[in-house]
$ cat upload_2.txt   # compact mmCIF, C-alpha atoms and all ligand atoms
# COMPACT_ATOMS: atom_id res chain seq x y z
CA MET A 222 -41.67 -27.52 81.39
CA LYS A 223 -38.07 -28.68 81.20
CA TYR A 224 -37.40 -28.70 77.46
CA ALA A 225 -35.18 -25.69 76.82
CA PHE A 226 -35.87 -25.37 73.08
CA ALA A 227 -39.68 -25.20 73.31
CA THR A 228 -41.25 -22.26 71.50
CA ASP A 229 -43.61 -19.84 73.25
CA GLU A 230 -46.51 -21.43 71.40
CA GLN A 231 -45.52 -24.91 72.56
CA ARG A 232 -45.20 -23.67 76.14
CA GLU A 233 -48.69 -22.20 75.94
CA PHE A 234 -50.21 -25.49 74.70
CA VAL A 235 -48.33 -27.51 77.31
CA GLU A 236 -49.30 -25.24 80.18
CA GLY A 237 -52.92 -25.29 79.05
CA ALA A 238 -53.05 -29.10 79.13
CA TYR A 239 -51.21 -29.29 82.45
CA LYS A 240 -53.59 -26.84 84.10
CA ILE A 241 -56.59 -28.96 83.08
CA VAL A 242 -55.19 -32.25 84.43
CA GLU A 243 -53.79 -30.61 87.54
CA LYS A 244 -57.22 -29.16 88.37
CA GLU A 245 -59.51 -31.95 87.16
CA LEU A 246 -57.48 -35.13 87.67
CA LYS A 247 -54.86 -34.68 90.38
CA PRO A 248 -57.27 -34.38 93.32
CA ARG A 249 -59.25 -37.44 92.17
CA ILE A 250 -56.60 -39.98 91.11
CA GLU A 251 -57.16 -42.23 94.13
CA GLU A 252 -60.90 -42.22 93.50
CA TYR A 253 -60.42 -43.29 89.85
CA GLU A 254 -57.84 -45.92 90.83
CA ALA A 255 -60.20 -47.46 93.39
CA ALA A 256 -63.30 -47.36 91.17
CA ASP A 257 -64.89 -50.48 89.63
CA GLY A 258 -63.92 -52.65 92.57
CA GLY A 259 -60.29 -51.56 92.41
CA LEU A 260 -59.82 -52.26 88.68
CA GLY A 261 -59.80 -48.51 88.09
CA VAL A 262 -61.62 -46.47 85.48
CA TYR A 263 -60.55 -44.10 82.75
CA PRO A 264 -61.64 -40.59 83.80
CA MET A 265 -64.03 -39.74 80.98
CA ASP A 266 -64.87 -36.33 82.41
CA VAL A 267 -61.20 -35.27 82.36
CA HIS A 268 -60.90 -36.76 78.87
CA GLN A 269 -63.82 -34.60 77.74
CA LYS A 270 -62.33 -31.45 79.29
CA LEU A 271 -59.14 -32.00 77.30
CA VAL A 272 -61.16 -32.83 74.16
CA ASP A 273 -63.14 -29.59 74.54
CA ALA A 274 -59.89 -27.66 74.88
CA GLY A 275 -58.68 -29.20 71.59
CA TYR A 276 -56.04 -31.61 72.90
CA TYR A 277 -57.47 -34.85 71.49
CA GLY A 278 -56.41 -36.15 68.09
CA MET A 279 -53.55 -33.64 68.09
CA SER A 280 -51.94 -35.27 65.06
CA ILE A 281 -55.01 -35.10 62.80
CA PRO A 282 -54.04 -32.96 59.79
CA GLU A 283 -55.46 -29.46 59.44
CA GLU A 284 -57.25 -30.37 56.18
CA TYR A 285 -59.38 -32.79 58.26
CA GLY A 286 -60.09 -30.15 60.90
CA GLY A 287 -57.31 -31.13 63.35
CA LEU A 288 -54.37 -29.17 64.69
CA GLY A 289 -51.79 -31.25 62.82
CA PHE A 290 -49.28 -30.92 65.67
CA ASP A 291 -45.77 -32.14 65.01
CA MET A 292 -44.35 -35.05 67.02
CA LEU A 293 -42.32 -32.81 69.32
CA THR A 294 -45.32 -30.70 70.37
CA GLN A 295 -47.39 -33.84 70.97
CA GLY A 296 -44.56 -35.32 73.05
CA LEU A 297 -44.22 -32.20 75.20
CA ILE A 298 -47.96 -32.17 75.95
CA ILE A 299 -48.04 -35.90 76.77
CA GLU A 300 -45.01 -35.57 79.06
CA GLU A 301 -46.73 -32.85 81.03
CA ILE A 302 -49.99 -34.82 81.36
CA GLY A 303 -47.81 -37.76 82.48
CA ARG A 304 -46.51 -35.67 85.39
CA ILE A 305 -49.97 -36.06 86.91
CA ASP A 306 -50.64 -39.68 85.90
CA ALA A 307 -48.74 -41.71 83.30
CA GLY A 308 -51.60 -44.19 82.89
CA PHE A 309 -53.99 -41.43 81.95
CA ALA A 310 -51.41 -39.83 79.63
CA PHE A 311 -50.81 -43.19 77.93
CA ALA A 312 -54.54 -43.89 77.48
CA PHE A 313 -55.38 -40.37 76.35
CA ALA A 314 -52.60 -40.21 73.78
CA GLY A 315 -52.78 -43.86 72.72
CA SER A 316 -56.51 -43.87 72.05
CA SER A 317 -56.38 -40.95 69.61
CA CYS A 318 -53.38 -41.70 67.42
CA TYR A 319 -54.89 -43.97 64.75
CA PHE A 320 -56.18 -41.51 62.18
CA ASP A 321 -53.20 -42.20 59.90
CA ARG A 322 -54.36 -45.87 59.79
CA ILE A 323 -57.87 -44.71 58.83
CA LEU A 324 -56.36 -42.58 56.10
CA ALA A 325 -54.52 -45.67 54.84
CA THR A 326 -57.82 -47.49 54.17
CA LYS A 327 -59.72 -47.20 50.90
CA MET A 328 -62.85 -45.92 52.63
CA PRO A 329 -64.61 -43.01 50.88
CA GLU A 330 -63.34 -39.55 51.72
CA GLU A 331 -66.64 -38.63 53.50
CA GLU A 332 -66.22 -41.61 55.80
CA LYS A 333 -62.63 -40.63 56.63
CA GLN A 334 -63.80 -37.06 57.36
CA MET A 335 -66.61 -38.44 59.54
CA TRP A 336 -64.02 -40.39 61.58
CA ALA A 337 -61.77 -37.34 61.87
CA ASP A 338 -64.76 -35.42 63.27
CA ARG A 339 -65.64 -38.23 65.66
CA ILE A 340 -62.07 -38.53 66.96
CA LEU A 341 -61.80 -34.77 67.38
CA SER A 342 -64.96 -34.88 69.47
CA GLY A 343 -63.45 -37.54 71.74
CA THR A 344 -64.14 -40.98 70.21
CA MET A 345 -61.51 -43.46 71.39
CA GLY A 346 -59.74 -46.19 69.40
CA CYS A 347 -57.88 -49.37 70.28
CA PHE A 348 -54.94 -51.38 68.88
CA CYS A 349 -55.56 -55.15 68.78
CA LEU A 350 -52.43 -57.15 68.05
CA THR A 351 -51.72 -59.31 71.12
CA GLU A 352 -53.47 -62.64 71.70
CA PRO A 353 -53.27 -65.09 74.60
CA GLY A 354 -50.75 -67.25 72.72
CA ALA A 355 -49.12 -64.45 70.74
CA GLY A 356 -47.34 -61.70 72.69
CA SER A 357 -43.72 -61.06 71.74
CA ASP A 358 -44.22 -63.58 68.94
CA ALA A 359 -47.08 -61.76 67.24
CA ALA A 360 -46.88 -64.10 64.24
CA ALA A 361 -48.30 -66.85 66.48
CA MET A 362 -51.70 -65.08 66.36
CA ILE A 363 -54.66 -67.22 65.33
CA THR A 364 -57.21 -64.51 64.52
CA SER A 365 -58.16 -64.89 60.89
CA ALA A 366 -60.12 -63.03 58.24
CA VAL A 367 -61.79 -64.97 55.46
CA HIS A 368 -63.01 -63.26 52.31
CA ASP A 369 -66.64 -63.48 51.24
CA ASP A 370 -66.22 -62.86 47.51
CA ALA A 371 -69.96 -62.49 46.85
CA ALA A 372 -70.42 -59.80 49.51
CA GLY A 373 -67.03 -58.11 49.05
CA GLU A 374 -66.42 -58.40 52.77
CA TRP A 375 -63.94 -59.91 55.22
CA ILE A 376 -65.20 -62.08 58.08
CA ILE A 377 -63.00 -61.77 61.17
CA ASN A 378 -62.82 -64.38 63.94
CA GLY A 379 -60.55 -64.41 66.96
CA THR A 380 -59.88 -62.99 70.41
CA LYS A 381 -57.35 -60.28 71.18
CA CYS A 382 -56.17 -59.69 74.73
CA PHE A 383 -54.61 -56.91 76.81
CA ALA A 384 -56.15 -54.29 74.50
CA SER A 385 -55.68 -50.85 76.07
CA ASN A 386 -58.76 -48.60 76.00
CA SER A 387 -60.95 -51.36 74.55
CA PRO A 388 -63.78 -50.91 77.12
CA ASN A 389 -64.24 -47.32 75.92
CA ALA A 390 -63.30 -47.71 72.26
CA GLU A 391 -65.61 -47.17 69.30
CA TYR A 392 -63.20 -48.51 66.69
CA PHE A 393 -60.39 -51.06 66.51
CA ILE A 394 -57.20 -51.55 64.51
CA VAL A 395 -57.16 -55.34 64.17
CA PHE A 396 -54.56 -57.75 62.84
CA ALA A 397 -55.61 -61.09 61.33
CA TRP A 398 -54.25 -63.78 59.05
CA THR A 399 -55.61 -63.46 55.53
CA ASP A 400 -53.26 -66.02 53.96
CA LYS A 401 -51.80 -68.71 56.19
CA THR A 402 -49.78 -70.21 53.31
CA LYS A 403 -47.48 -67.18 53.51
CA ARG A 404 -45.10 -65.79 56.13
CA ALA A 405 -46.60 -63.37 58.63
CA SER A 406 -44.96 -60.42 56.86
CA GLN A 407 -47.07 -61.27 53.79
CA GLY A 408 -50.03 -63.14 55.25
CA VAL A 409 -51.30 -60.88 58.06
CA THR A 410 -53.56 -57.93 57.22
CA ALA A 411 -54.60 -54.91 59.29
CA PHE A 412 -58.28 -53.92 59.39
CA PHE A 413 -60.24 -50.93 60.58
CA VAL A 414 -63.29 -52.25 62.46
CA GLU A 415 -66.10 -50.16 63.94
CA LYS A 416 -67.59 -51.38 67.22
CA GLU A 417 -71.12 -51.43 65.82
CA ARG A 418 -70.13 -54.26 63.46
CA GLY A 419 -70.51 -56.63 66.41
CA VAL A 420 -67.21 -56.36 68.29
CA LYS A 421 -67.55 -57.65 71.86
CA ILE A 422 -65.48 -56.58 74.85
CA GLY A 423 -64.41 -59.27 77.29
CA LYS A 424 -63.26 -59.22 80.86
CA LYS A 425 -61.47 -56.15 82.15
CA GLU A 426 -58.00 -56.92 83.50
CA ASN A 427 -57.04 -56.52 87.15
CA LYS A 428 -53.63 -54.89 86.86
CA MET A 429 -50.73 -54.04 89.18
CA GLY A 430 -50.84 -50.42 88.04
CA LEU A 431 -51.95 -48.16 85.19
CA HIS A 432 -55.43 -48.24 86.68
CA LEU A 433 -56.53 -45.16 84.78
CA SER A 434 -55.97 -47.03 81.52
CA GLU A 435 -58.54 -49.79 81.08
CA THR A 436 -57.43 -53.07 79.51
CA ALA A 437 -59.63 -55.92 78.26
CA ASP A 438 -60.12 -58.73 75.75
CA VAL A 439 -61.67 -57.90 72.38
CA ILE A 440 -63.73 -60.63 70.73
CA PHE A 441 -64.50 -60.97 67.03
CA GLU A 442 -67.14 -63.58 66.14
CA ASP A 443 -68.00 -63.48 62.44
CA VAL A 444 -67.47 -59.72 62.39
CA ARG A 445 -67.86 -58.52 58.81
CA VAL A 446 -66.07 -55.51 57.34
CA PRO A 447 -66.13 -54.28 53.73
CA ASP A 448 -63.06 -54.61 51.51
CA ASP A 449 -62.30 -50.90 51.85
CA HIS A 450 -61.60 -51.41 55.59
CA VAL A 451 -58.23 -53.03 54.85
CA ILE A 452 -55.46 -50.75 56.15
CA GLY A 453 -52.66 -50.38 53.62
CA GLU A 454 -52.03 -53.38 51.41
CA LEU A 455 -53.54 -56.81 51.81
CA GLY A 456 -51.07 -59.10 53.58
CA ARG A 457 -48.89 -56.23 54.80
CA GLY A 458 -50.44 -55.80 58.22
CA PHE A 459 -47.21 -56.48 60.05
CA GLY A 460 -45.78 -53.28 58.61
CA VAL A 461 -48.83 -51.43 59.95
CA ALA A 462 -48.38 -53.11 63.36
CA LEU A 463 -44.74 -52.11 63.51
CA GLY A 464 -45.71 -48.54 62.63
CA GLY A 465 -47.62 -48.51 65.93
CA ILE A 466 -44.79 -49.81 68.10
CA SER A 467 -41.66 -48.52 66.40
CA GLY A 468 -40.33 -45.28 64.89
CA ALA A 469 -41.34 -41.86 66.18
CA GLY A 470 -44.68 -43.24 67.47
CA ALA A 471 -42.79 -45.50 69.89
CA VAL A 472 -40.72 -42.52 71.03
CA VAL A 473 -43.88 -40.50 71.75
CA ASN A 474 -45.12 -43.47 73.81
CA CYS A 475 -42.15 -42.84 76.13
CA CYS A 476 -43.31 -39.32 76.96
CA PRO A 477 -45.61 -40.32 79.85
CA CYS A 478 -42.47 -41.86 81.40
CA LEU A 479 -40.59 -38.57 81.18
CA GLY A 480 -43.40 -36.85 83.07
CA MET A 481 -43.60 -39.64 85.64
CA SER A 482 -39.80 -39.59 86.22
CA GLN A 483 -39.86 -35.84 86.65
CA ALA A 484 -42.74 -36.00 89.12
CA ALA A 485 -41.05 -38.77 91.16
CA LEU A 486 -37.81 -36.79 91.20
CA ASP A 487 -39.38 -33.42 92.09
CA GLU A 488 -41.54 -34.82 94.84
CA CYS A 489 -38.89 -37.00 96.45
CA LEU A 490 -36.40 -34.11 96.37
CA GLU A 491 -38.91 -31.94 98.23
CA TYR A 492 -39.41 -34.74 100.76
CA ALA A 493 -35.65 -35.22 101.22
CA LYS A 494 -35.19 -31.49 101.85
CA VAL A 495 -37.70 -31.58 104.69
CA ARG A 496 -37.22 -35.01 106.29
CA ARG A 497 -34.57 -34.93 109.02
CA GLN A 498 -32.73 -37.92 110.48
CA PHE A 499 -29.53 -37.96 112.56
CA GLY A 500 -29.82 -34.21 113.00
CA LYS A 501 -29.80 -33.22 109.33
CA ARG A 502 -31.92 -33.23 106.19
CA ILE A 503 -31.76 -36.61 104.47
CA VAL A 504 -30.87 -34.87 101.19
CA ASP A 505 -27.60 -33.96 102.92
CA GLN A 506 -26.86 -37.65 103.63
CA GLN A 507 -24.54 -38.52 100.77
CA ALA A 508 -26.16 -41.89 100.04
CA VAL A 509 -29.55 -40.23 99.60
CA GLY A 510 -28.23 -37.19 97.74
CA PHE A 511 -26.40 -39.39 95.23
CA MET A 512 -29.57 -41.32 94.48
CA ILE A 513 -31.38 -38.07 93.73
CA ALA A 514 -28.49 -36.79 91.63
CA ASP A 515 -28.66 -40.00 89.59
CA MET A 516 -32.41 -39.51 89.11
CA GLU A 517 -31.74 -36.05 87.73
CA MET A 518 -29.05 -37.37 85.35
CA ARG A 519 -31.27 -40.17 84.05
CA THR A 520 -34.32 -37.98 83.59
CA GLN A 521 -32.45 -35.21 81.78
CA ALA A 522 -30.60 -37.71 79.55
CA ALA A 523 -33.84 -39.54 78.71
CA ARG A 524 -35.55 -36.26 77.84
CA ALA A 525 -32.68 -35.14 75.63
CA LEU A 526 -32.82 -38.42 73.69
CA VAL A 527 -36.59 -38.36 73.26
CA TYR A 528 -36.86 -34.78 72.05
CA ASP A 529 -33.79 -35.05 69.85
CA ALA A 530 -35.42 -38.04 68.10
CA LEU A 531 -38.82 -36.33 67.82
CA ARG A 532 -37.26 -33.15 66.47
CA ALA A 533 -35.37 -35.22 63.92
CA ALA A 534 -38.58 -37.05 62.94
CA ASP A 535 -40.33 -33.70 62.44
CA GLU A 536 -37.48 -32.56 60.20
CA GLY A 537 -37.76 -35.80 58.19
CA ILE A 538 -34.41 -37.11 59.47
CA LYS A 539 -34.36 -40.87 60.11
CA THR A 540 -32.44 -41.67 63.30
CA ASN A 541 -33.29 -45.34 64.06
CA LEU A 542 -33.10 -44.42 67.74
CA ASP A 543 -36.51 -45.77 68.76
CA LEU A 544 -35.32 -49.20 69.98
CA LEU A 545 -32.68 -47.80 72.29
CA ILE A 546 -34.88 -44.90 73.43
CA LYS A 547 -37.74 -47.23 74.40
CA CYS A 548 -35.38 -49.36 76.52
CA TYR A 549 -33.38 -46.49 77.96
CA VAL A 550 -36.28 -44.23 78.92
CA THR A 551 -38.44 -46.97 80.42
CA ASP A 552 -35.52 -48.57 82.31
CA CYS A 553 -34.55 -45.13 83.65
CA THR A 554 -38.12 -44.48 84.74
CA MET A 555 -38.36 -47.82 86.52
CA GLN A 556 -35.13 -47.13 88.40
CA THR A 557 -36.10 -43.54 89.23
CA THR A 558 -39.53 -44.47 90.56
CA MET A 559 -38.06 -47.32 92.66
CA ASP A 560 -35.39 -44.98 94.03
CA ALA A 561 -38.03 -42.37 94.88
CA VAL A 562 -39.72 -44.96 97.12
CA GLN A 563 -36.34 -45.78 98.68
CA VAL A 564 -35.48 -42.13 99.35
CA CYS A 565 -38.78 -41.65 101.16
CA GLY A 566 -38.36 -44.83 103.21
CA GLY A 567 -41.47 -46.29 104.81
CA TYR A 568 -43.48 -43.24 103.81
CA GLY A 569 -42.59 -43.85 100.18
CA TYR A 570 -44.23 -47.27 100.47
CA MET A 571 -47.51 -45.84 101.76
CA LYS A 572 -50.43 -44.90 99.56
CA ASP A 573 -50.54 -41.51 101.29
CA TYR A 574 -47.74 -40.53 98.91
CA PRO A 575 -47.71 -40.92 95.11
CA PHE A 576 -44.40 -42.82 94.91
CA GLU A 577 -45.81 -46.36 95.07
CA ARG A 578 -48.22 -45.47 92.23
CA TYR A 579 -45.35 -44.17 90.11
CA MET A 580 -43.46 -47.42 90.72
CA ARG A 581 -46.49 -49.59 89.84
CA ASN A 582 -47.18 -47.51 86.75
CA ALA A 583 -43.57 -47.52 85.56
CA LYS A 584 -43.28 -51.30 85.29
CA ILE A 585 -45.62 -51.79 82.36
CA PHE A 586 -43.66 -49.41 80.13
CA GLN A 587 -40.81 -51.95 80.10
CA ILE A 588 -43.27 -54.62 78.91
CA PHE A 589 -45.80 -53.32 76.40
CA GLY A 590 -45.11 -51.98 72.94
CA GLY A 591 -42.54 -54.79 72.63
CA THR A 592 -40.70 -55.86 75.78
CA ASN A 593 -37.31 -54.36 76.51
CA GLN A 594 -35.74 -57.79 75.92
CA ILE A 595 -37.23 -57.93 72.43
CA LYS A 596 -36.14 -54.32 71.76
CA ARG A 597 -32.57 -55.15 72.87
CA LYS A 598 -32.62 -58.28 70.71
CA ASN A 599 -33.67 -56.22 67.69
CA LEU A 600 -31.19 -53.46 68.50
CA ILE A 601 -28.19 -55.76 68.55
CA LYS A 602 -29.39 -57.51 65.40
CA SER A 603 -29.53 -54.21 63.53
CA MET A 604 -26.15 -53.15 65.00
CA ALA A 605 -24.70 -56.45 63.81
CA GLY A 606 -26.05 -55.86 60.31
CA ARG A 607 -28.80 -58.49 60.54
CA ASP A 608 -32.50 -58.03 59.75
CA PRO A 609 -34.27 -57.48 63.13
CA MET A 610 -37.41 -59.08 61.70
CA LYS A 611 -35.77 -62.47 61.09
C1 LIG B 701 -51.37 -53.20 80.56
C2 LIG B 701 -51.08 -53.75 79.20
C3 LIG B 701 -51.54 -53.05 78.10
C4 LIG B 701 -51.33 -53.57 76.82
N1 LIG B 701 -51.86 -52.92 75.73
C5 LIG B 701 -51.83 -53.54 74.52
C6 LIG B 701 -52.56 -53.01 73.41
O1 LIG B 701 -53.19 -51.94 73.51
N2 LIG B 701 -52.56 -53.68 72.25
C7 LIG B 701 -51.86 -54.86 72.09
O2 LIG B 701 -51.91 -55.43 71.00
N3 LIG B 701 -51.14 -55.38 73.12
C8 LIG B 701 -51.12 -54.76 74.32
N4 LIG B 701 -50.44 -55.31 75.38
C9 LIG B 701 -49.68 -56.53 75.18
C10 LIG B 701 -48.17 -56.32 75.28
O3 LIG B 701 -47.67 -55.68 74.15
C11 LIG B 701 -47.56 -57.73 75.52
O4 LIG B 701 -47.89 -58.09 76.84
C12 LIG B 701 -46.06 -57.73 75.30
O5 LIG B 701 -45.75 -57.58 73.94
C13 LIG B 701 -45.41 -59.03 75.80
O6 LIG B 701 -46.13 -60.16 75.41
P1 LIG B 701 -46.51 -61.26 76.52
O7 LIG B 701 -47.17 -60.55 77.63
O8 LIG B 701 -47.28 -62.33 75.84
O9 LIG B 701 -45.13 -61.82 77.03
P2 LIG B 701 -44.23 -63.00 76.35
O10 LIG B 701 -44.07 -62.73 74.89
O11 LIG B 701 -44.79 -64.31 76.74
O12 LIG B 701 -42.86 -62.75 77.06
C14 LIG B 701 -42.59 -63.17 78.40
C15 LIG B 701 -41.14 -62.86 78.72
O13 LIG B 701 -40.26 -63.57 77.82
C16 LIG B 701 -39.43 -62.65 77.16
N5 LIG B 701 -39.20 -63.13 75.78
C17 LIG B 701 -40.09 -63.69 74.93
N6 LIG B 701 -39.50 -64.01 73.76
C18 LIG B 701 -38.21 -63.64 73.87
C19 LIG B 701 -37.09 -63.67 72.99
N7 LIG B 701 -37.16 -64.17 71.77
N8 LIG B 701 -35.90 -63.20 73.44
C20 LIG B 701 -35.79 -62.69 74.69
N9 LIG B 701 -36.82 -62.61 75.55
C21 LIG B 701 -38.01 -63.07 75.15
C22 LIG B 701 -40.17 -61.32 77.17
O14 LIG B 701 -39.28 -60.21 77.02
C23 LIG B 701 -40.82 -61.38 78.54
O15 LIG B 701 -39.90 -60.99 79.52
C24 LIG B 701 -50.60 -54.78 76.66
C25 LIG B 701 -50.11 -55.45 77.78
C26 LIG B 701 -50.35 -54.96 79.04
C27 LIG B 701 -49.87 -55.75 80.21
$ encode --input "upload_2.txt" --output "structure tokens"
Amino acid sequence: MKYAFATDEQREFVEGAYKIVEKELKPRIEEYEAADGGLGVYPMDVHQKLVDAGYYGMSIPEEYGGLGFDMLTQGLIIEEIGRIDAGFAFAFAGSSCYFDRILATKMPEEEKQMWADRILSGTMGCFCLTEPGAGSDAAAMITSAVHDDAAGEWIINGTKCFASNSPNAEYFIVFAWTDKTKRASQGVTAFFVEKERGVKIGKKENKMGLHLSETADVIFEDVRVPDDHVIGELGRGFGVALGGISGAGAVVNCCPCLGMSQAALDECLEYAKVRRQFGKRIVDQQAVGFMIADMEMRTQAARALVYDALRAADEGIKTNLDLLIKCYVTDCTMQTTMDAVQVCGGYGYMKDYPFERYMRNAKIFQIFGGTNQIKRKNLIKSMAGRDPMK
């Protein structure tokens, strides 16, 4: 673990998680990537091992039976899992982080406790915002929820796409128009929807990378949920959506990238110390050595930013660093994983080595959770004193 300020307790948790994924996942990554005709599968058995060891739903408060880990501790654990596979780290962490949305519903306390128990025993969730015609412009969504006054229920219709973990999810955080006469910030509502209410899963995507994280359409055809399944206030779903892709949550989402950068750097350095050309180690060729030195600089700088922001969030200090951190960390990781391939030459391009997987996996982190262009657009707006949401 590279974070100098980690406590002994944090180190123990991190090492425990790393040992499990190193033993259970590392030797079988290629097998999981190639499964399901090359679409890849999420390794449920590894998931369950981590669940059994207490690593799932790490943020669930102690009063609901969870560990109530702070953001920093969660980040450190996710980084270390990401050293083995960033796609798995993203799916594992991302599918378990929605209990605060469940708490924000008006469901009875017993139901909330039941969901805490289910999540702690491994039940996965899914975030459904994007639609085929509504990506960066989420307000262009057409999914709607119409109220049945007699039944006291909402009827949801629409199709969400690119939903991570949806093939394995048992519940969904769904965004739908509830009042189209208003602006999206007042007319879109967030709902908690259990799978058994009739949610259908569509085709599984065939992706460039992140094969250990399954992605698919999610279809709602007259899916009914009771009034108490509204998350937060009616019409304020956009605030809930932003909570998932901004703030400290967005910073935690960068942690798989830290692990992936570190792995690419460590492994290509080892390669460069052994590979000899022109009578010397390639690490001693200045052009190669400088690339590796830059990888080290980027990775250390990214880590410092991430953990500084998470530590601040845990102390209740608002930093507004999430936009720049998301861009910086994911751009650094893309560059570092590409450079790792370059340092290893033709061998870096071969599937015998992990570098091409790192490079394929890195790309998506610049796209999802709000593309880096949109993040930059919002960053400069806020720097210029304008409202990023307008
Ligand atoms: C593997 C994967 C997993 C995902 N998981 C989820 C998930 O779990 N839940 C979910 O809801 N969504 C998920 N997404 C969706 C993801 O968040 C969107 O793909 C992303 O927000 C971009 O939307 P888009 O793909 O429609 O691209 P578009 O919005 O069509 O953008 C295309 C390009 O245009 C640029 N662009 C668009 N508008 C502007 C602008 N105003 N200024 C500058 N540039 C602009 C973008 O930056 C991008 O480069 C996932 C996507 C992928 C690929």
$ residues_around --input "upload_2.txt" --residues "Arg445 of chain A" --least-positions-apart "6" --cutoff "10 Å" --atoms "all atoms listed in the file" --output "PyMOL selection string"
chain A and resi 366-369+372-378+414-415+418-420
$ closest_residue --input "upload_2.txt" --among "A:Glu284, A:Glu300, A:Glu426, A:Asp400" --to "ligand LIG 701 (chain B)" --atoms "only C-alpha atoms and all ligand atoms"
A:Glu426
$ atom_distance --input "upload_2.txt" --atom1 "atom CA of Asp438 of chain A" --atom2 "atom CA of Arg581 of chain A"
21.6 Å
$ residues_near_ligand --input "upload_2.txt" --ligand "ligand LIG 701 (chain B)" --cutoff "7 Å" --atoms "only C-alpha atoms and all ligand atoms" --output "VMD selection string"
chain A and resid 347 to 351 353 to 358 382 to 386 428 431 436 585 588 to 595 598
$ axis_aligned_box --input "upload_2.txt" --around "segment 304-308 of chain A" --padding-each-side "3 Å" --output "JSON"
{"center_x": -49.1, "center_y": -39.9, "center_z": 84.9, "size_x": 11.1, "size_y": 14.5, "size_z": 10.0}
$ residues_around --input "upload_2.txt" --residues "Arg578 of chain A" --least-positions-apart "5" --cutoff "9 Å" --atoms "all atoms listed in the file" --output "list in words"
Asp306, Gly430, Leu431, Thr558, Lys572 and Ala583 of chain A
$ write_last_selection --input "upload_2.txt" --atoms "C-alpha atoms" --output "PDB file, in the frame of the given file"
ATOM      1  CA  ASP A 306     -50.640 -39.680  85.900  1.00  0.00           C
ATOM      2  CA  GLY A 430     -50.840 -50.420  88.040  1.00  0.00           C
ATOM      3  CA  LEU A 431     -51.950 -48.160  85.190  1.00  0.00           C
ATOM      4  CA  THR A 558     -39.530 -44.470  90.560  1.00  0.00           C
ATOM      5  CA  LYS A 572     -50.430 -44.900  99.560  1.00  0.00           C
ATOM      6  CA  ALA A 583     -43.570 -47.520  85.560  1.00  0.00           C
TER       7      ALA A 583
END
$ closest_residue --input "upload_2.txt" --among "A:Lys547, A:Arg532, A:Lys333, A:His432" --to "Gly261 of chain A" --atoms "all atoms listed in the file"
A:His432
$ residues_around --input "upload_2.txt" --residues "Gly278 of chain A" --least-positions-apart "2" --cutoff "10 Å" --atoms "only C-alpha atoms" --output "PyMOL selection string"
chain A and resi 272+275-276+280-282+287-290+295+313-320+337-345
$ closest_residue --input "upload_2.txt" --among "A:Val395, A:Val495, A:Val242, A:Val446" --to "Gly465 of chain A" --atoms "all atoms listed in the file"
A:Val395
$ atom_distance --input "upload_2.txt" --atom1 "atom CA of Met362 of chain A" --atom2 "atom CA of Ala397 of chain A"
7.5 Å
$ atom_distance --input "upload_2.txt" --atom1 "atom CA of Glu442 of chain A" --atom2 "atom CA of Gly379 of chain A"
6.7 Å
$ closest_residue --input "upload_2.txt" --among "A:Asp257, A:Asp560, A:Asp552, A:Asp273" --to "Lys425 of chain A" --atoms "all atoms listed in the file"
A:Asp257
$ residues_near_point --input "upload_2.txt" --point "(-57.4, -42.8, 90.5)" --cutoff "9 Å" --atoms "only C-alpha atoms" --output "list of chain:residue names"
A:Leu246, A:Lys247, A:Pro248, A:Arg249, A:Ile250, A:Glu251, A:Glu252, A:Tyr253, A:Glu254, A:Ala255, A:Ala256, A:Gly261, A:Val262, A:Tyr263, A:Pro264, A:Asp306, A:His432, A:Leu433
